[in-house]
Amino acid sequence: MSPAPKKPRRKDKVPMPEQAPEVRAKNFLEVPLGYDAEMAVEEAERCLQCKVPACVCGCPVNINIPGFIQLITERKFAEAARKIKETNALPAVCGRVCPQESQCEAQCVLNKMGRAVAIGRLERFAADFEREHELVQIPPKAALNGKKIAVVGSGPSGLTVAGDMILLGYDVTIFEAFHKPGGVLMYGIPEFRLPKDIVEKEVDYLVKLGVNLKLNEIVGKTVTIDELLTEKGFHAVFIGVGAGLPKFLGIPGENLGGMYSANEYLTRSNLMKAYRFPEYDTPIVRGKKVCVIGGGNVAMDSARTALRLGGDVSIVYRRAREQMPARAEEIHHAEEEGVKLCLLTNPVEILGDENNMVNGLKCSRMELGEPDESGRSKPILIPNSEYVIESDLVINAIGAGANPLLTTSTPGLELNKWGYITADEWGKTSKEGVWAGGDIVTGMATVIEAMGAGRKSAMDIHEKLMGVKKAIASPEALPDDMTCKL
Amino acid sequence: MSKILSMKELVPTIYEAVVEAPEIARKAKAGEFLVVMPDEKGERVPLTIADFDREKGTITIVFMTIGTSTYKLAAMKAGDSYYAFVGPLGHASEIKNYGTVVMVAGGVGTAPIYPIARELKKAGNKVISIQGARTKELLFWEDKLAGVSDEHIITTDDGTFGRKGLVTEPLKEICEREKVAVVYAIGPIPMMKFCTFTTKPFGVKTIVSLNSIMIDATGMCGGCRVNVGNETKFTCIDGPEFDGHQVDWNLLTSRQKIYLAEEKCSLEKYVEEAKK
Ligand SMILES: Cc1cc2nc3c(=O)[nH]c(=O)nc-3n(C[C@H](O)[C@H](O)[C@H](O)COP(=O)(O)OP(=O)(O)OC[C@H]3O[C@@H](n4cnc5c(N)ncnc54)[C@H](O)[C@@H]3O)c2cc1C
Ligand SMILES: Cc1cc2nc3c(=O)[nH]c(=O)nc-3n(C[C@H](O)[C@H](O)[C@H](O)COP(=O)(O)OP(=O)(O)OC[C@H]3O[C@@H](n4cnc5c(N)ncnc54)[C@H](O)[C@@H]3O)c2cc1C
Ligand code: SF4
Ligand code: SF4
Ligand code: FES
């Protein structure tokens with residue numbers, strides 16, 4: 001049989017099927033549906049298999065991107081997933097939530113002559129294929145080396161440390177404050193962007209590898225870092241507790257009923273499954289007219305959740321559209337579903353009724369002034385431009401800070417002026433035996449950056465405890481002189 | 001998973017459970033609370049640590065049935081396990097020798113006040129307890145509380161036991177009678193509020209334990225925020241005890257009511273299903 005004639009390489013990405021906006025705006029099912037095998041192979045064939053693959057430098061964990069894409073073209077889908085897992089333990093998650101347009105895909109050479117290879121979609125496809133066909137293998141584990149590692153927090157950074165160290169022969173225990181593991185993947189990012197059963201499967205995999213998972217244990221309360229290092233006999237502790245502290249605007253009316261921090265709103269909906277109330281017991285205010293304050297991904301997630309709970313939703317953002325920090329794709333998805341944008345609008349007061357429930361958001365109009373030091377035009381208040389947006393639910397998504405619960409109970413842990421933990425490039429903190437990484441060191445960043453930090457700490461701990469010199473397990477496809485190699 | 005070792009109905013609508021939780025018992029101090037989830041679909045319910053036994057590794061909780069979550073907790077039996085049992089949380093009570101302290105407990109508030117009274121007694125204070133209930137039938141732990149008090153006064157709204165009337169009456173008399181260093185008031189919001197009004201003219205520091213609605217109870221969501229001294233505080237990490245004279249009671253009361261409609265709907269569903 002002669003091989004089928006090769007299709008000409010397409011200029012653009014193979015589109016990913018997704019639920020129609022009017023349908024998905026009413027359900028919590030995942031929006032993009034994923035590639036099927038044919039779509040994946042067609043997209044994979046767009047990759048030029050560069051000798052010096054620029055894309056790899058854009059990925060914070062240096063996945064062997066041409067390597068796994070090549071395997072997809074050969075229809076070795078499970079093998080492709082395993083290739084990715086050499087450096088990224090959570091490909092089904094990253095394929096969905098990484099800001100690829102500013103990471104791996106931003107570096108792809110095809111950008112110069114069309115559009116980048118859809119690396120994230122392919123990563124997702126391979127990981128989903130392996131999981132759905134139950135082809136996940138338990139990799140070989142080093143013999144137990146007698147050392148115990150405590151991981152505090154089960155977000156992406158903590159899961160990465162646990163996954164790496166269990167394979168290196170450590171006895172690993174994760175301590176998680178909540179009743180479900182996963183960190184922001186579980187309580188922050190909504191089901192329609194990242195189905196929770198995927199997160200659960202990824203954690204199950206770690207448990208199968210032998211990681212002990214202690215839920216409902218708050219380090220700093222149930223047990224302290226010092227106790228872990230002494231009485232409990234851990235040889236090292238990794239802190240990956242995230243940036244879990246809501247910020248408020250400091251304007252009047254912020255304690256009214258129907259005024260949530262995005263943390264509370266999303267935790268109610270995602271972790272406590274309030275969107276399925278009363279099947280689940282935790283309630284949530286279902287606003288009819290909803291204002292979400294902020295312009296980042298958290299604001300988009302809140303807005304799209306409120307929409308699915310039946311609200312007429314507006315995003316209130318004080319700068320212009322071009323300055324919104326959210327991913328373009330998220331803004332696009334939100335608008336398609338019917339979320340409105342109130343730009344150059346600054347909230348000044350939350351108004352309440354006689355029962356102290358929100359009934360309006362008073363805002364000022366803004367205009368853009370001269371660019372400031374950061375190059376961004378500063379929004380300036382237009383005097384006497386106040387007006388009221390009718391609203392019965394206001395969600396504040398203006399950012400998060402460092403939660404002091406653990407850090408204040410840990411003497412000897414150096415913090416910066418914002419309360420984040422000070423650590424060197426390998427995550428080593430000022431306290432003997434203690435490493436830290438992810439959002440509690442950097443402030444809120446991305447899933448893959450938190451994972452990259454976890455990986456570095458794991459290697460540094462390994463070097464300190466076992467004397468094994470660290471080297472990022474770099475894909476063999478990378479030439480030695482590639483600068484992005486650690 | 002934390003196993004219930006024993007479970008009993010103390011008085012109608014009020015239950016006591018002793019729970020196996022060695023990690024929490026090891027650390028627990030008077031005034032702290034914990035979060036319990038009856039089952040996977042349940043809420044995260046904050047409850048005060050009513051007692052603890054470090055040796056046996058047990059924690060005692062006492063709760064009153066008012067909505068779905070507390071009904072669910074009441075329906076569980078010895079041998080069952082809670083889906084989650086997390087703590088200890090919040091700041092412990094500041095225990096030292098103040099001099100004379102008055103402990104005012106309203107209804108189920110007797111349970112959280114007992115360990116604080118016990119510790120204050122141990123620290124050398126003269127402890128005067130005032131325990132209030134609607135009616136005789138709802139009084140519990142009188143012996144326990146009396147056992148750690150120099151003086152123990154009981155009031156019932158209907159006069160079926162002890163003095164007839166509200167806890168604020170003996171409180172006022174004591175403040176008139178002698179120099180009181182600190183008052184602790186724990187119970188329903190109106191009761192705590194009126195205790196602070198009673199002590200205000202005497203300038204006696206009055207500590208209350210606030211029961212705002214919570215989710216994570218680790219300072220992550222801000223759902224438990226209250227206004228104390230014109231500042232926003234998180235009950236879970238800044239409290240639960242606050243200076244009662246500084247608390248914005250109206251706000252607290254209205255924040256308790258945010259989910260009234262949902263709570264009613266949830267309870268109706270629960271009762272409906274329980275019948276089946
Ligand atoms: C709504 C939302 C949407 C986002 N969307 C994206 C996206 O699309 N793409 C992307 O790349 N990034 C996104 N991010 C950012 C990303 O999720 C975070 O950067 C990442 O999760 C940080 O990981 P982490 O390991 O540092 O901690 P986290 O994920 O924050 O996890 C920390 C864990 O530690 C636990 N913990 C905290 N304190 C204690 C304690 N004292 N004891 C025990 N456990 C404790 C917490 O309960 C939590 O489970 C989003 C964030 C939010 C909030
Ligand atoms: C730090 C802290 C410690 C607590 N300790 C205890 C304890 O030791 N024992 C105990 O029984 N409860 C305690 N509570 C209160 C307890 O958490 C609530 O009673 C419980 O969450 C109610 O849940 P539910 O689903 O049964 O009722 P819901 O359906 O949530 O509530 C029904 C109605 O009762 C109102 N309500 C809520 N709490 C109270 C209350 N305490 N008194 C009167 N009305 C209320 C609500 O506003 C609502 O309208 C504590 C709360 C906090 C924050
Ligand atoms: S992990 Fe993220 S950045 Fe790295 S290749 Fe995958 S999608 Fe790109
Ligand atoms: S840069 Fe683009 S084309 Fe080159 S290997 Fe990476 S994905 Fe393929
Ligand atoms: S309950 Fe979430 S911050 Fe207090």
# chains A, B, ... in the order shown; residues from 1 in each chain; ligands from 1

$ closest_atom_pairs --of "chain B" --to "ligand 2" --cutoff "8 Å" --atoms "only C-alpha atoms and all ligand atoms" --output "tab-separated table"
residue	atom	partner	partner_atom_place_in_ligand_line	distance
B:Ile14	CA	ligand 2	11 (O)	7.4
B:Glu32	CA	ligand 2	1 (C)	7.6
B:Phe33	CA	ligand 2	1 (C)	5.6
B:Leu34	CA	ligand 2	1 (C)	7.6
B:Glu43	CA	ligand 2	25 (O)	7.2
B:Arg44	CA	ligand 2	21 (O)	7.7
B:Val45	CA	ligand 2	21 (O)	4.7
B:Pro46	CA	ligand 2	17 (O)	4.3
B:Leu47	CA	ligand 2	5 (N)	3.5
B:Thr48	CA	ligand 2	8 (O)	3.9
B:Ile49	CA	ligand 2	8 (O)	6.6
B:Ala50	CA	ligand 2	8 (O)	6.5
B:Ile61	CA	ligand 2	8 (O)	6.3
B:Val62	CA	ligand 2	9 (N)	5.3
B:Phe63	CA	ligand 2	11 (O)	3.2
B:Met64	CA	ligand 2	11 (O)	4.0
B:Thr65	CA	ligand 2	26 (O)	5.8
B:Ile66	CA	ligand 2	26 (O)	4.6
B:Gly67	CA	ligand 2	26 (O)	3.2
B:Thr68	CA	ligand 2	25 (O)	4.3
B:Ser69	CA	ligand 2	25 (O)	3.7
B:Thr70	CA	ligand 2	26 (O)	3.7
B:Tyr71	CA	ligand 2	26 (O)	6.0
B:Lys72	CA	ligand 2	26 (O)	7.9
B:Gly90	CA	ligand 2	1 (C)	7.6
B:Val108	CA	ligand 2	11 (O)	5.9
B:Gly109	CA	ligand 2	8 (O)	6.8
B:Ala111	CA	ligand 2	8 (O)	6.4
B:Pro112	CA	ligand 2	8 (O)	5.6
B:Gly187	CA	ligand 2	41 (N)	7.2
B:Pro188	CA	ligand 2	42 (N)	4.9
B:Ile189	CA	ligand 2	42 (N)	6.9
B:Ser209	CA	ligand 2	1 (C)	7.0
B:Leu210	CA	ligand 2	53 (C)	6.0
B:Asn211	CA	ligand 2	53 (C)	3.2
B:Ser212	CA	ligand 2	53 (C)	4.5
B:Ile213	CA	ligand 2	53 (C)	5.8
B:Met214	CA	ligand 2	53 (C)	6.3
B:Cys224	CA	ligand 2	53 (C)	7.8
B:Thr235	CA	ligand 2	1 (C)	7.3
B:Cys236	CA	ligand 2	1 (C)	6.7
B:Gly239	CA	ligand 2	1 (C)	7.9
B:Pro240	CA	ligand 2	1 (C)	5.4
B:Thr253	CA	ligand 2	47 (O)	7.7
B:Arg255	CA	ligand 2	47 (O)	7.8
B:Gln256	CA	ligand 2	47 (O)	4.0
B:Lys257	CA	ligand 2	47 (O)	4.8
B:Ile258	CA	ligand 2	47 (O)	7.6
B:Tyr259	CA	ligand 2	49 (O)	6.8
B:Leu260	CA	ligand 2	49 (O)	5.0
B:Glu262	CA	ligand 2	29 (O)	7.9
B:Glu263	CA	ligand 2	29 (O)	4.2
B:Lys264	CA	ligand 2	29 (O)	6.8
B:Ser266	CA	ligand 2	29 (O)	7.4
B:Leu267	CA	ligand 2	29 (O)	6.8

$ closest_atom_pairs --of "chain A" --to "ligand 1" --cutoff "7 Å" --atoms "only C-alpha atoms and all ligand atoms" --output "tab-separated table"
residue	atom	partner	partner_atom_place_in_ligand_line	distance
A:Val97	CA	ligand 1	8 (O)	4.2
A:Cys98	CA	ligand 1	11 (O)	4.4
A:Pro99	CA	ligand 1	9 (N)	5.9
A:Val152	CA	ligand 1	43 (C)	5.1
A:Gly153	CA	ligand 1	34 (O)	3.2
A:Ser154	CA	ligand 1	33 (C)	4.8
A:Gly155	CA	ligand 1	31 (O)	3.4
A:Pro156	CA	ligand 1	25 (O)	4.1
A:Ser157	CA	ligand 1	25 (O)	3.6
A:Gly158	CA	ligand 1	25 (O)	5.4
A:Phe175	CA	ligand 1	43 (C)	5.2
A:Glu176	CA	ligand 1	44 (N)	3.8
A:Ala177	CA	ligand 1	44 (N)	3.9
A:Phe178	CA	ligand 1	47 (O)	5.1
A:Pro181	CA	ligand 1	49 (O)	5.9
A:Gly182	CA	ligand 1	49 (O)	5.4
A:Gly183	CA	ligand 1	49 (O)	3.0
A:Val184	CA	ligand 1	29 (O)	3.9
A:Leu185	CA	ligand 1	17 (O)	6.0
A:Gly188	CA	ligand 1	1 (C)	4.1
A:Ile189	CA	ligand 1	3 (C)	4.7
A:Glu217	CA	ligand 1	43 (C)	5.9
A:Ile218	CA	ligand 1	42 (N)	3.8
A:Val219	CA	ligand 1	42 (N)	3.8
A:Gly220	CA	ligand 1	41 (N)	5.5
A:Gly240	CA	ligand 1	25 (O)	5.0
A:Val241	CA	ligand 1	34 (O)	3.5
A:Gly242	CA	ligand 1	30 (O)	3.3
A:Ala243	CA	ligand 1	30 (O)	5.6
A:Gly244	CA	ligand 1	30 (O)	6.3
A:Asn263	CA	ligand 1	53 (C)	7.0
A:Leu266	CA	ligand 1	1 (C)	6.9
A:Asn297	CA	ligand 1	3 (C)	5.5
A:Val298	CA	ligand 1	1 (C)	4.0
A:Asp301	CA	ligand 1	1 (C)	5.8
A:Leu405	CA	ligand 1	41 (N)	6.2
A:Leu406	CA	ligand 1	41 (N)	4.8
A:Gly437	CA	ligand 1	26 (O)	6.4
A:Gly438	CA	ligand 1	26 (O)	3.4
A:Asp439	CA	ligand 1	26 (O)	3.9
A:Ile440	CA	ligand 1	26 (O)	5.9
A:Met444	CA	ligand 1	19 (O)	4.9
A:Ala445	CA	ligand 1	19 (O)	4.1
A:Thr446	CA	ligand 1	11 (O)	3.4
A:Val447	CA	ligand 1	11 (O)	3.9
A:Ile448	CA	ligand 1	11 (O)	5.8
A:Ala450	CA	ligand 1	23 (O)	5.0
A:Met451	CA	ligand 1	25 (O)	7.0

$ interface_residues --of "chain A" --to "chain B" --cutoff "10 Å" --atoms "only C-alpha atoms" --output "PyMOL selection string"
chain A and resi 177-180+215-223+243-248+250+254-268+272-274+276-285+354-357+400-406

$ select_by_dssp --residues "stretch 59-188 of chain B" --states "strand (DSSP E)" --output "count of residues only"
42

$ atom_distance --atom1 "atom CA of A:Pro195" --atom2 "atom CA of A:Ala162"
21.9 Å

$ residues_near_ligand --ligand "ligand 3" --cutoff "9 Å" --atoms "only C-alpha atoms and all ligand atoms" --output "PyMOL selection string"
chain A and resi 55-65+84+87-88+90-91+93-105+118-124+447-449

$ write_last_selection --atoms "N, CA and C atoms" --output "CSV table (one decimal), in the first residue's frame"
chain,number,residue,atom,x,y,z
A,55,CYS,N,10.7,26.6,21.3
A,55,CYS,CA,9.5,26.4,22.2
A,55,CYS,C,9.9,25.9,23.5
A,56,VAL,N,10.9,25.0,23.6
A,56,VAL,CA,11.2,24.4,24.9
A,56,VAL,C,11.7,25.4,25.9
A,57,CYS,N,12.4,26.5,25.4
A,57,CYS,CA,12.8,27.5,26.3
A,57,CYS,C,11.7,28.3,26.8
A,58,GLY,N,10.6,28.3,26.1
A,58,GLY,CA,9.4,29.1,26.6
A,58,GLY,C,8.6,28.3,27.7
A,59,CYS,N,9.0,27.0,27.9
A,59,CYS,CA,8.2,26.2,28.8
A,59,CYS,C,9.0,26.2,30.1
A,60,PRO,N,8.4,26.7,31.2
A,60,PRO,CA,9.2,26.7,32.5
A,60,PRO,C,9.7,25.4,33.0
A,61,VAL,N,9.2,24.3,32.5
A,61,VAL,CA,9.8,23.0,32.9
A,61,VAL,C,10.4,22.3,31.8
A,62,ASN,N,10.7,23.0,30.7
A,62,ASN,CA,11.4,22.5,29.5
A,62,ASN,C,11.0,21.1,29.1
A,63,ILE,N,9.7,21.0,28.8
A,63,ILE,CA,9.2,19.8,28.2
A,63,ILE,C,9.8,19.5,26.9
A,64,ASN,N,10.1,18.3,26.6
A,64,ASN,CA,10.7,17.9,25.3
A,64,ASN,C,9.6,18.0,24.2
A,65,ILE,N,9.3,19.2,23.8
A,65,ILE,CA,8.1,19.5,23.0
A,65,ILE,C,8.2,18.8,21.6
A,84,ILE,N,6.1,13.6,28.0
A,84,ILE,CA,5.8,14.9,28.7
A,84,ILE,C,6.1,14.7,30.2
A,87,THR,N,9.2,15.5,32.5
A,87,THR,CA,9.5,16.8,33.2
A,87,THR,C,8.2,17.5,33.7
A,88,ASN,N,7.0,17.0,33.4
A,88,ASN,CA,5.8,17.6,33.9
A,88,ASN,C,4.8,16.6,34.3
A,90,LEU,N,1.9,17.0,35.5
A,90,LEU,CA,0.5,17.3,35.4
A,90,LEU,C,0.1,17.8,34.0
A,91,PRO,N,0.4,17.0,33.0
A,91,PRO,CA,0.1,17.5,31.7
A,91,PRO,C,-1.3,17.8,31.3
A,93,VAL,N,-3.5,19.0,33.2
A,93,VAL,CA,-3.8,20.3,33.8
A,93,VAL,C,-3.1,21.4,33.0
A,94,CYS,N,-1.8,21.3,32.8
A,94,CYS,CA,-1.1,22.4,32.1
A,94,CYS,C,-1.6,22.6,30.7
A,95,GLY,N,-1.9,21.5,30.0
A,95,GLY,CA,-2.4,21.6,28.6
A,95,GLY,C,-3.7,22.5,28.6
A,96,ARG,N,-4.4,22.5,29.7
A,96,ARG,CA,-5.6,23.3,29.8
A,96,ARG,C,-5.4,24.7,30.3
A,97,VAL,N,-4.6,24.9,31.3
A,97,VAL,CA,-4.6,26.2,32.0
A,97,VAL,C,-3.3,27.0,31.8
A,98,CYS,N,-2.3,26.5,31.2
A,98,CYS,CA,-1.1,27.3,30.9
A,98,CYS,C,-1.4,28.5,30.0
A,99,PRO,N,-0.8,29.6,30.3
A,99,PRO,CA,-0.9,30.7,29.3
A,99,PRO,C,0.1,30.5,28.2
A,100,GLN,N,-0.2,29.5,27.3
A,100,GLN,CA,0.7,29.1,26.3
A,100,GLN,C,1.1,30.3,25.4
A,101,GLU,N,0.2,31.2,25.1
A,101,GLU,CA,0.5,32.3,24.2
A,101,GLU,C,1.7,33.1,24.7
A,102,SER,N,1.9,33.1,26.0
A,102,SER,CA,3.1,33.9,26.5
A,102,SER,C,4.2,32.9,26.9
A,103,GLN,N,4.0,31.6,26.8
A,103,GLN,CA,5.1,30.7,27.2
A,103,GLN,C,5.6,29.9,26.0
A,104,CYS,N,5.4,28.6,26.0
A,104,CYS,CA,5.9,27.7,24.9
A,104,CYS,C,5.5,28.2,23.5
A,105,GLU,N,4.2,28.5,23.3
A,105,GLU,CA,3.8,28.8,21.9
A,105,GLU,C,4.3,30.2,21.5
A,118,ALA,N,-0.1,24.2,18.2
A,118,ALA,CA,-1.0,24.3,19.4
A,118,ALA,C,-0.4,23.3,20.4
A,119,ILE,N,0.7,23.7,21.0
A,119,ILE,CA,1.4,22.8,22.0
A,119,ILE,C,0.5,22.4,23.1
A,120,GLY,N,-0.2,23.4,23.7
A,120,GLY,CA,-1.0,23.1,24.8
A,120,GLY,C,-2.1,22.1,24.5
A,121,ARG,N,-2.8,22.3,23.4
A,121,ARG,CA,-3.9,21.3,23.0
A,121,ARG,C,-3.3,19.9,22.8
A,122,LEU,N,-2.1,19.8,22.2
A,122,LEU,CA,-1.6,18.5,22.0
A,122,LEU,C,-1.2,17.8,23.3
A,123,GLU,N,-0.7,18.7,24.2
A,123,GLU,CA,-0.3,18.2,25.5
A,123,GLU,C,-1.5,17.6,26.2
A,124,ARG,N,-2.6,18.4,26.1
A,124,ARG,CA,-3.9,17.9,26.7
A,124,ARG,C,-4.3,16.6,26.1
A,447,VAL,N,0.4,28.2,37.2
A,447,VAL,CA,0.5,26.8,37.6
A,447,VAL,C,1.9,26.2,37.3
A,448,ILE,N,2.3,26.5,36.0
A,448,ILE,CA,3.5,25.9,35.6
A,448,ILE,C,4.7,26.5,36.3
A,449,GLU,N,4.6,27.8,36.6
A,449,GLU,CA,5.8,28.4,37.4
A,449,GLU,C,5.9,27.8,38.8

$ residues_near_ligand --ligand "ligand 4" --cutoff "10 Å" --atoms "only C-alpha atoms and all ligand atoms" --output "ChimeraX atom specification"
/A:44-58,64-70,104-111,115-119

$ closest_residue --among "B:Met76, B:Ile174, B:Ala105, B:Ala30" --to "B:Leu120" --atoms "only C-alpha atoms"
B:Ala30

$ select_by_dssp --residues "stretch 67-246 of chain A" --states "alpha helix (DSSP H)" --output "count of residues only"
76

$ residues_around --residues "stretch 35-38 of chain A" --least-positions-apart "3" --cutoff "7 Å" --atoms "only C-alpha atoms" --output "mmCIF file with N, CA, C and O atoms, in the first residue's frame"
data_model
loop_
_atom_site.group_PDB
_atom_site.id
_atom_site.type_symbol
_atom_site.label_atom_id
_atom_site.label_comp_id
_atom_site.auth_asym_id
_atom_site.auth_seq_id
_atom_site.Cartn_x
_atom_site.Cartn_y
_atom_site.Cartn_z
ATOM 1 N N MET A 16 -10.024 23.719 17.792
ATOM 2 C CA MET A 16 -10.491 22.773 18.817
ATOM 3 C C MET A 16 -11.993 22.941 18.968
ATOM 4 O O MET A 16 -12.484 24.052 19.180
ATOM 5 N N VAL A 41 -3.136 14.407 15.251
ATOM 6 C CA VAL A 41 -2.070 14.040 14.317
ATOM 7 C C VAL A 41 -1.870 15.154 13.296
ATOM 8 O O VAL A 41 -0.746 15.564 12.996
ATOM 9 N N GLU A 42 -2.978 15.690 12.804
ATOM 10 C CA GLU A 42 -2.865 16.760 11.809
ATOM 11 C C GLU A 42 -2.137 17.973 12.399
ATOM 12 O O GLU A 42 -1.257 18.558 11.761
ATOM 13 N N PHE A 125 -4.255 16.597 24.771
ATOM 14 C CA PHE A 125 -4.730 15.405 24.067
ATOM 15 C C PHE A 125 -3.980 14.160 24.536
ATOM 16 O O PHE A 125 -4.578 13.125 24.857
#
